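Visitor: Just one file: structure00.txt, with compact mmCIF, C-alpha atoms.
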# COMPACT_ATOMS: atom_id res chain seq x y z
CA MET A 1 -31.95 33.52 1.13
CA GLN A 2 -30.54 30.01 1.08
CA HIS A 3 -27.38 29.15 2.93
CA ASN A 4 -25.07 26.32 2.04
CA ASN A 5 -24.21 24.68 5.36
CA LYS A 6 -22.15 21.94 3.80
CA PRO A 7 -18.69 22.04 5.42
CA SER A 8 -15.89 22.87 3.05
CA ARG A 9 -13.14 20.31 2.57
CA PRO A 10 -9.84 21.36 4.16
CA LYS A 11 -7.26 22.69 1.77
CA PHE A 12 -4.91 19.91 0.69
CA THR A 13 -1.29 20.57 1.48
CA PRO A 14 1.43 18.75 -0.50
CA LEU A 15 3.59 16.65 1.78
CA PHE A 16 6.63 15.60 -0.18
CA GLN A 17 8.35 18.58 -1.80
CA VAL A 18 12.06 18.95 -2.56
CA PRO A 19 13.45 21.18 0.23
CA ASP A 20 15.01 24.52 -0.61
CA PHE A 21 18.48 23.66 0.66
CA LYS A 22 21.91 25.09 0.09
CA PRO A 23 24.07 22.88 -2.20
CA ARG A 24 25.84 21.08 0.66
CA GLU A 25 22.60 20.52 2.59
CA PHE A 26 20.91 19.28 -0.57
CA ALA A 27 23.73 16.80 -1.17
CA VAL A 28 23.28 15.34 2.33
CA TRP A 29 19.51 15.22 1.86
CA ALA A 30 19.83 13.45 -1.50
CA LEU A 31 22.37 10.98 -0.06
CA LEU A 32 20.06 10.08 2.83
CA LEU A 33 17.06 9.78 0.50
CA ASN A 34 18.88 7.34 -1.80
CA LEU A 35 20.33 5.43 1.14
CA GLY A 36 16.84 4.93 2.53
CA LEU A 37 15.50 3.81 -0.84
CA PHE A 38 18.41 1.39 -1.23
CA PHE A 39 17.74 -0.19 2.18
CA SER A 40 14.10 -0.66 1.17
CA ALA A 41 15.14 -2.21 -2.14
CA ALA A 42 17.60 -4.54 -0.37
CA GLY A 43 14.85 -5.75 1.94
CA ILE A 44 12.58 -6.43 -1.03
CA HIS A 45 15.17 -8.29 -3.12
CA LEU A 46 17.16 -10.15 -0.47
CA PHE A 47 14.42 -11.23 1.90
CA LYS A 48 10.89 -10.50 0.68
CA THR A 49 11.14 -11.89 -2.85
CA PRO A 50 12.87 -15.27 -2.20
CA ASN A 51 10.51 -15.99 0.72
CA HIS A 52 7.38 -14.71 -1.09
CA PHE A 53 6.74 -12.26 1.74
CA ALA A 54 4.14 -10.14 -0.05
CA MET A 55 3.48 -7.83 2.89
CA GLY A 56 1.20 -5.34 1.19
CA GLY A 57 2.08 -2.29 -0.83
CA THR A 58 3.42 -2.19 -4.36
CA SER A 59 6.29 -4.51 -3.48
CA GLY A 60 3.82 -7.17 -2.33
CA VAL A 61 1.81 -6.94 -5.52
CA SER A 62 5.04 -7.04 -7.55
CA ILE A 63 6.18 -10.25 -5.83
CA ILE A 64 2.85 -11.91 -6.61
CA LEU A 65 2.82 -10.70 -10.23
CA ALA A 66 6.39 -11.96 -10.74
CA THR A 67 5.20 -15.38 -9.56
CA LEU A 68 2.13 -15.41 -11.80
CA TRP A 69 4.17 -14.26 -14.82
CA PRO A 70 7.60 -15.97 -14.59
CA GLY A 71 9.03 -13.83 -17.37
CA LEU A 72 8.49 -10.72 -15.25
CA ASN A 73 10.92 -9.95 -12.43
CA VAL A 74 10.00 -8.04 -9.27
CA GLY A 75 11.93 -4.92 -10.30
CA GLY A 76 10.09 -4.78 -13.63
CA ALA A 77 6.70 -5.35 -12.02
CA LEU A 78 7.46 -2.68 -9.43
CA PHE A 79 8.43 -0.24 -12.18
CA LEU A 80 5.17 -0.85 -14.07
CA ILE A 81 3.01 -0.45 -10.97
CA ASN A 82 4.82 2.68 -9.80
CA ALA A 83 4.66 4.16 -13.29
CA ALA A 84 0.88 3.67 -13.33
CA LEU A 85 0.58 5.24 -9.86
CA VAL A 86 2.77 8.19 -10.86
CA VAL A 87 0.49 8.81 -13.86
CA LEU A 88 -2.55 8.70 -11.56
CA GLY A 89 -0.80 11.08 -9.19
CA LEU A 90 0.01 13.52 -11.99
CA VAL A 91 -3.61 13.42 -13.18
CA PHE A 92 -5.29 13.82 -9.78
CA LEU A 93 -2.64 15.76 -7.86
CA GLY A 94 -0.36 17.51 -10.34
CA ALA A 95 3.42 17.55 -10.67
CA LYS A 96 3.90 20.15 -7.94
CA THR A 97 2.04 18.11 -5.36
CA MET A 98 3.80 14.88 -6.32
CA GLY A 99 7.20 16.49 -5.78
CA VAL A 100 10.01 14.10 -4.93
CA THR A 101 7.58 11.15 -4.82
CA ILE A 102 8.03 10.82 -8.59
CA TYR A 103 11.77 10.31 -8.16
CA SER A 104 11.36 7.95 -5.19
CA SER A 105 8.93 5.72 -7.07
CA PHE A 106 11.28 5.12 -9.99
CA ALA A 107 14.48 5.09 -7.92
CA LEU A 108 13.14 2.29 -5.71
CA SER A 109 12.27 0.24 -8.80
CA ALA A 110 15.72 0.93 -10.27
CA PHE A 111 17.51 -0.17 -7.09
CA VAL A 112 15.54 -3.43 -6.99
CA SER A 113 16.33 -4.12 -10.66
CA LEU A 114 20.01 -3.32 -10.06
CA LEU A 115 20.20 -5.77 -7.16
CA GLU A 116 18.48 -8.46 -9.24
CA LYS A 117 21.23 -8.16 -11.85
CA VAL A 118 24.18 -7.78 -9.47
CA TYR A 119 23.15 -10.36 -6.88
CA PRO A 120 20.47 -12.79 -8.14
CA MET A 121 18.55 -14.65 -5.43
CA SER A 122 17.35 -18.13 -6.40
CA ALA A 123 16.56 -19.15 -2.81
CA PRO A 124 16.44 -17.63 0.68
CA PHE A 125 19.65 -17.21 2.66
CA THR A 126 18.49 -19.61 5.39
CA ASP A 127 15.77 -22.16 6.11
CA ASP A 128 14.58 -20.14 9.11
CA SER A 129 11.49 -18.31 7.87
CA LEU A 130 11.09 -16.29 11.07
CA LEU A 131 14.67 -15.03 10.86
CA GLU A 132 14.14 -14.13 7.21
CA LEU A 133 10.91 -12.31 8.14
CA CYS A 134 12.75 -10.23 10.75
CA PHE A 135 15.15 -8.91 8.12
CA ALA A 136 12.36 -8.57 5.53
CA VAL A 137 10.66 -6.20 7.97
CA ALA A 138 13.74 -4.50 9.44
CA LEU A 139 15.56 -3.42 6.26
CA PRO A 140 12.56 -1.69 4.60
CA ALA A 141 11.62 -0.21 7.99
CA ILE A 142 15.07 1.33 8.33
CA GLY A 143 14.86 2.58 4.75
CA SER A 144 11.38 4.04 5.19
CA ALA A 145 12.38 5.70 8.45
CA ILE A 146 15.35 7.41 6.76
CA VAL A 147 13.20 8.50 3.81
CA PHE A 148 10.35 9.80 5.97
CA ASN A 149 12.83 11.51 8.27
CA VAL A 150 14.17 13.68 5.42
CA GLY A 151 10.62 14.63 4.48
CA ALA A 152 10.22 12.36 1.45
CA SER A 153 8.21 9.29 0.52
CA THR A 154 8.92 5.87 -0.96
CA GLY A 155 6.11 6.38 -3.47
CA GLY A 156 3.84 3.44 -4.27
CA THR A 157 0.78 3.37 -2.05
CA ASP A 158 1.74 6.78 -0.62
CA ILE A 159 0.48 8.19 -3.94
CA VAL A 160 -2.86 6.46 -3.41
CA ALA A 161 -2.92 7.89 0.11
CA MET A 162 -2.37 11.43 -1.18
CA ILE A 163 -5.11 11.04 -3.80
CA LEU A 164 -7.56 9.76 -1.18
CA ALA A 165 -6.58 12.53 1.22
CA LYS A 166 -7.26 15.19 -1.40
CA HIS A 167 -10.43 13.89 -3.05
CA THR A 168 -12.27 11.86 -0.40
CA GLY A 169 -13.07 11.84 3.26
CA LEU A 170 -11.79 8.29 3.78
CA GLU A 171 -9.49 7.45 6.66
CA VAL A 172 -6.37 6.85 4.60
CA GLY A 173 -4.46 4.84 7.19
CA ARG A 174 -7.31 2.39 7.66
CA ALA A 175 -7.89 2.07 3.90
CA LEU A 176 -4.23 1.30 3.27
CA LEU A 177 -4.17 -1.21 6.11
CA PHE A 178 -7.16 -3.02 4.61
CA SER A 179 -5.45 -3.09 1.21
CA ASP A 180 -2.27 -4.51 2.76
CA VAL A 181 -4.26 -7.22 4.53
CA ALA A 182 -6.04 -8.05 1.27
CA ILE A 183 -2.67 -8.45 -0.47
CA THR A 184 -1.41 -10.77 2.28
CA ILE A 185 -4.56 -12.89 1.95
CA TRP A 186 -3.93 -13.05 -1.79
CA ALA A 187 -0.35 -14.14 -1.07
CA GLY A 188 -1.62 -16.83 1.33
CA SER A 189 -3.92 -18.22 -1.32
CA ILE A 190 -0.95 -18.59 -3.70
CA TYR A 191 1.97 -19.51 -1.44
CA GLY A 192 0.16 -21.35 1.34
CA VAL A 193 -1.26 -20.57 4.77
CA ALA A 194 2.12 -20.45 6.54
CA THR A 195 3.51 -17.83 4.16
CA GLY A 196 0.26 -15.88 4.35
CA LEU A 197 0.47 -15.79 8.16
CA TYR A 198 4.10 -14.66 7.99
CA CYS A 199 3.04 -11.90 5.60
CA LEU A 200 0.23 -10.83 7.92
CA LEU A 201 2.60 -10.77 10.89
CA GLY A 202 5.11 -8.72 8.92
CA THR A 203 2.43 -6.27 7.77
CA PHE A 204 1.58 -5.32 11.35
CA ALA A 205 5.20 -5.46 12.56
CA LYS A 206 6.53 -3.06 9.91
CA THR A 207 4.16 -0.27 11.05
CA PHE A 208 5.47 -0.33 14.60
CA MET A 209 9.07 -0.74 13.49
CA VAL A 210 8.99 2.28 11.14
CA ASP A 211 7.61 4.46 13.94
CA GLY A 212 10.22 3.11 16.34
CA MET A 213 13.05 3.72 13.87
CA ILE A 214 11.97 7.32 13.24
CA GLU A 215 11.76 8.00 16.97
CA SER A 216 15.17 6.42 17.52
CA ILE A 217 16.78 8.53 14.78
CA ASN A 218 15.35 11.78 16.18
CA GLN A 219 15.46 10.98 19.88
CA ARG A 220 16.96 13.65 22.14
CA LYS A 221 17.00 14.20 25.89
CA VAL A 222 15.17 17.14 27.47
CA ILE A 223 17.14 17.97 30.60
CA THR A 224 16.08 20.01 33.65
CA VAL A 225 18.74 20.86 36.23
CA ILE A 226 18.40 22.59 39.60
CA SER A 227 21.79 23.19 41.16
CA ALA A 228 23.39 25.23 43.90
CA LYS A 229 26.20 26.04 41.46
CA PRO A 230 24.39 27.66 38.52
CA ASP A 231 27.46 29.48 37.14
CA GLU A 232 29.42 26.24 36.78
CA ILE A 233 26.46 24.49 35.14
CA ARG A 234 25.93 27.36 32.69
CA ASP A 235 29.63 27.38 31.75
CA PHE A 236 29.67 23.60 31.21
CA ILE A 237 26.57 23.62 28.97
CA LEU A 238 27.72 26.59 26.89
CA ASN A 239 31.45 25.96 26.60
CA ARG A 240 31.92 22.21 27.05
CA LEU A 241 28.77 20.87 25.43
CA ASN A 242 28.38 23.73 22.92
CA ARG A 243 24.68 23.92 23.69
CA SER A 244 22.40 26.61 25.01
CA ALA A 245 19.74 26.49 27.70
CA THR A 246 16.73 28.31 29.07
CA VAL A 247 17.37 29.66 32.58
CA TYR A 248 14.67 30.83 34.91
CA THR A 249 14.22 31.43 38.61
CA ALA A 250 11.94 29.20 40.67
CA ARG A 251 11.12 28.93 44.35
CA GLY A 252 11.27 25.65 46.22
CA ALA A 253 7.97 24.70 47.87
CA TYR A 254 9.67 23.14 50.93
CA THR A 255 12.68 25.41 51.47
CA GLY A 256 11.22 28.63 50.07
CA ARG A 257 14.60 29.42 48.52
CA GLU A 258 15.00 30.81 45.03
CA GLU A 259 16.87 28.47 42.68
CA GLN A 260 18.20 28.73 39.14
CA VAL A 261 16.57 26.15 36.86
CA PHE A 262 18.19 25.10 33.57
CA THR A 263 16.28 23.46 30.72
CA THR A 264 18.27 22.20 27.74
CA VAL A 265 18.13 19.57 24.99
CA LEU A 266 21.07 17.23 24.52
CA THR A 267 22.13 14.10 22.68
CA ARG A 268 22.65 10.84 24.57
CA ARG A 269 26.41 11.37 24.76
CA GLN A 270 26.05 14.96 25.99
CA THR A 271 23.51 13.83 28.58
CA VAL A 272 25.96 11.32 30.03
CA ALA A 273 28.68 13.99 30.12
CA LEU A 274 26.40 16.43 31.97
CA ARG A 275 25.28 13.78 34.44
CA ASN A 276 28.88 12.81 35.21
CA TYR A 277 29.84 16.47 35.61
CA LEU A 278 27.01 17.05 38.07
CA ARG A 279 28.03 13.96 40.03
CA ARG A 280 31.52 15.45 40.49
CA THR A 281 30.61 19.12 40.86
CA ASP A 282 27.29 19.17 42.73
CA PRO A 283 26.11 15.76 43.97
CA THR A 284 23.03 17.42 45.54
CA ALA A 285 21.81 18.79 42.19
CA PHE A 286 18.32 17.80 41.03
CA LEU A 287 18.29 16.36 37.50
CA THR A 288 15.40 15.11 35.36
CA ILE A 289 15.84 13.51 31.93
CA VAL A 290 12.93 13.05 29.53
CA ASN A 291 13.08 11.39 26.11
CA SER A 292 11.75 13.39 23.18
CA SER A 293 11.07 11.76 19.81
CA GLU A 294 11.65 15.00 17.88
CA ILE A 295 13.13 18.43 18.52
CA VAL A 296 12.55 21.21 15.98
CA GLY A 297 14.61 24.37 16.18
CA LYS A 298 18.03 25.91 15.72
CA GLY A 299 20.80 23.39 16.30
CA PHE A 300 18.46 20.45 15.74
CA ARG A 301 15.90 19.63 13.08
CA ALA A 302 14.85 22.50 10.80
CA LEU A 303 11.21 23.33 10.18
Would you give me this structure, written as structure tokens?
Guide:
Amino acid sequence: MQHNNKPSRPKFTPLFQVPDFKPREFAVWALLLNLGLFFSAAGIHLFKTPNHFAMGGTSGVSIILATLWPGLNVGGALFLINAALVVLGLVFLGAKTMGVTIYSSFALSAFVSLLEKVYPMSAPFTDDSLLELCFAVALPAIGSAIVFNVGASTGGTDIVAMILAKHTGLEVGRALLFSDVAITIWAGSIYGVATGLYCLLGTFAKTFMVDGMIESINQRKVITVISAKPDEIRDFILNRLNRSATVYTARGAYTGREEQVFTTVLTRRQTVALRNYLRRTDPTAFLTIVNSSEIVGKGFRAL
């Protein structure tokens, strides 16, 4: 009997599906999604396009194509590229897997085209290329962070990433990084070495900035409190901060006494309020504060 020892490919799980929200929750989700896409479009139109910052992705290719074909604007080029990628996604992934990515792809193109009509940019805002680069990276990073944070995607090369993830064993992140670098080299060959280097710098900077923005949006404080006045601490957390906590009994290694230990998760403002309360109520209390980039559970981010 022959055995097939070839490892099976992991089942592909769609990433970007429209959440099953109640009407009010869906309205907030849709508002945040469009806000994130608009920020990304503003970064493309206001700062990337006039400075020729083709920092990878579909927007980078669109900026180059709009230069090579003067009759084609960036919004139109972005629409054509995203339309082609959506078709590829539908063929290789299916409509269910593509989910909200279909909307994001066309909405981003529409926002760029709208800005081109409402506020045409014939030249950069300033002569400071580094300042322009900062905003060219920051605005799309903020937009991408908002979009990713609501569980959606900006489309474009994310579609290529999903296709590669489903049908190949390639390391998607590395493949996309190589493609972005190739686009920046292409931009450098057209716009000059200085612009190419700015594009390369922006390509690496945007990765770290998106991660930083997402962590900043979701950041909470994990608090541990050991106090001689546990009843007062419990009352303050429950009734003043409107939060809950996990309470357990621990024994001090040095004193041997049993102590009540509180563990809770708070916002920055609530953390300051608790710290000030402890300073007034029990100055001998032991308090540790740890940053957490994401908290999932009731009262915070839903699964």
Visitor: Pick the closest to A:Arg243 from A:Ile223, A:Ala27, A:Met213, A:Ala123: which is it, counting only C-alpha atoms?
Guide: A:Ile223
Visitor: Can you tell me how far atom CA of A:Lys117 sits from atom CA of A:Gly99, in Å to one decimal?
Guide: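 Computed distance, atom CA of A:Lys117 to atom CA of A:Gly99, equals 29.0 Å.
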Visitor: At a cut-off of 8 Å, using only C-alpha atoms, what residues contact A:Ile226? Leave out same-chain residues fewer than 4 positions from it and give the result as a PyMOL selection string.
Guide: chain A and resi 230+259-262+285-287
Visitor: Show me, as a list in words, the residues that have an atom within 8 Å of A:Val150 when counting only C-alpha atoms, minus same-chain residues fewer than 3 positions from it.
Guide: Trp29, Leu32, Leu33, Ile146 and Val147 of chain A
Visitor: Work out how far atom CA of A:Gly36 is from atom CA of A:Gly94, in Å to one decimal.
Guide: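 Calculated distance between atom CA of A:Gly94 and atom CA of A:Gly36 is 24.9 Å.
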Visitor: So the first atom is atom CA of A:Glu132 and the second is atom CA of A:Ala152; what is the distance between them in Å, to one decimal place?
Guide: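 Between atom CA of A:Glu132 and atom CA of A:Ala152 the gap is 27.4 Å.
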Visitor: Pick from A:Gly256, A:Val137, A:Thr267, A:Leu80: nearest to A:Asn242, with only C-alpha atoms counted?
Guide: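 For A:Asn242, the nearest of the candidates is A:Thr267.
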Visitor: Excluding A:Ser144 and residues on its chain fewer than 2 positions from it, collect all residues at most 7 Å away from it, counting only C-alpha atoms, and give them as a JSON list (two decimals) with C-alpha atoms, keeping the file's coordinate frame.
Guide:
[["chain", "number", "residue", "atom", "x", "y", "z"],
["A", 36, "GLY", "CA", 16.84, 4.93, 2.53],
["A", 40, "SER", "CA", 14.10, -0.66, 1.17],
["A", 140, "PRO", "CA", 12.56, -1.69, 4.60],
["A", 141, "ALA", "CA", 11.62, -0.21, 7.99],
["A", 142, "ILE", "CA", 15.07, 1.33, 8.33],
["A", 146, "ILE", "CA", 15.35, 7.41, 6.76],
["A", 147, "VAL", "CA", 13.20, 8.50, 3.81],
["A", 148, "PHE", "CA", 10.35, 9.80, 5.97],
["A", 154, "THR", "CA", 8.92, 5.87, -0.96],
["A", 210, "VAL", "CA", 8.99, 2.28, 11.14]]
Visitor: Could you tell me which of A:Leu115, A:Ala228, A:Val160, A:Ala54 comes closest to A:Met98 if we count all atoms listed in the file?
Guide: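 Ranked by minimum distance to A:Met98, first place goes to A:Val160.
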Visitor: Could you name the residues that touch A:Gly43 at 7 Å or less, counting only C-alpha atoms, but leaving out those on the same chain fewer than 6 positions away, as a PyMOL selection string?
Guide: chain A and resi 135-136+139-140
Visitor: Compile the contact shell of A:Leu37 as a PyMOL selection string: residues with an atom at most 6 Å away, counting all atoms listed in the file, same-chain residues fewer than 2 positions apart removed.
Guide: chain A and resi 34-35+39-40+108+143
Visitor: Give as JSON, numbers by chain each residue that has an atom at most 12 Å from (-0.2, -10.1, 11.6) in the file, counting only C-alpha atoms.
Guide: {"A": [55, 56, 133, 177, 180, 181, 184, 185, 194, 195, 196, 197, 198, 199, 200, 201, 202, 203, 204, 205, 206, 207, 208]}
Visitor: Can those selected residues be exported to a file as a PDB file, keeping the file's coordinate frame so that it contains C-alpha atoms?
Guide:
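For reference, result01.pdb as written:
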ATOM      1  CA  MET A  55       3.480  -7.830   2.890  1.00  0.00           C
ATOM      2  CA  GLY A  56       1.200  -5.340   1.190  1.00  0.00           C
ATOM      3  CA  LEU A 133      10.910 -12.310   8.140  1.00  0.00           C
ATOM      4  CA  LEU A 177      -4.170  -1.210   6.110  1.00  0.00           C
ATOM      5  CA  ASP A 180      -2.270  -4.510   2.760  1.00  0.00           C
ATOM      6  CA  VAL A 181      -4.260  -7.220   4.530  1.00  0.00           C
ATOM      7  CA  THR A 184      -1.410 -10.770   2.280  1.00  0.00           C
ATOM      8  CA  ILE A 185      -4.560 -12.890   1.950  1.00  0.00           C
ATOM      9  CA  ALA A 194       2.120 -20.450   6.540  1.00  0.00           C
ATOM     10  CA  THR A 195       3.510 -17.830   4.160  1.00  0.00           C
ATOM     11  CA  GLY A 196       0.260 -15.880   4.350  1.00  0.00           C
ATOM     12  CA  LEU A 197       0.470 -15.790   8.160  1.00  0.00           C
ATOM     13  CA  TYR A 198       4.100 -14.660   7.990  1.00  0.00           C
ATOM     14  CA  CYS A 199       3.040 -11.900   5.600  1.00  0.00           C
ATOM     15  CA  LEU A 200       0.230 -10.830   7.920  1.00  0.00           C
ATOM     16  CA  LEU A 201       2.600 -10.770  10.890  1.00  0.00           C
ATOM     17  CA  GLY A 202       5.110  -8.720   8.920  1.00  0.00           C
ATOM     18  CA  THR A 203       2.430  -6.270   7.770  1.00  0.00           C
ATOM     19  CA  PHE A 204       1.580  -5.320  11.350  1.00  0.00           C
ATOM     20  CA  ALA A 205       5.200  -5.460  12.560  1.00  0.00           C
ATOM     21  CA  LYS A 206       6.530  -3.060   9.910  1.00  0.00           C
ATOM     22  CA  THR A 207       4.160  -0.270  11.050  1.00  0.00           C
ATOM     23  CA  PHE A 208       5.470  -0.330  14.600  1.00  0.00           C
TER      24      PHE A 208
END
Visitor: When distances are computed from only C-alpha atoms, which of A:Lys48, A:Gly155, A:Ser104, A:Phe236 shows the smallest separation from A:Asn276?
Guide: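 For A:Asn276, the nearest of the given residues is A:Phe236.
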Visitor: When you count only C-alpha atoms, which of these residues is closest to A:Thr49: A:Ser105, A:Asn73, A:Thr288, A:Thr249?
Guide: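 Of A:Ser105, A:Asn73, A:Thr288, A:Thr249, the one nearest A:Thr49, counting only C-alpha atoms, is A:Asn73.
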Visitor: Between A:Leu241, A:Val193, A:Leu164, A:Ser292, which one has atoms that come closest to A:Phe92, using all atoms listed in the file?
Guide: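 Closest to A:Phe92, using all atoms listed in the file: A:Leu164.
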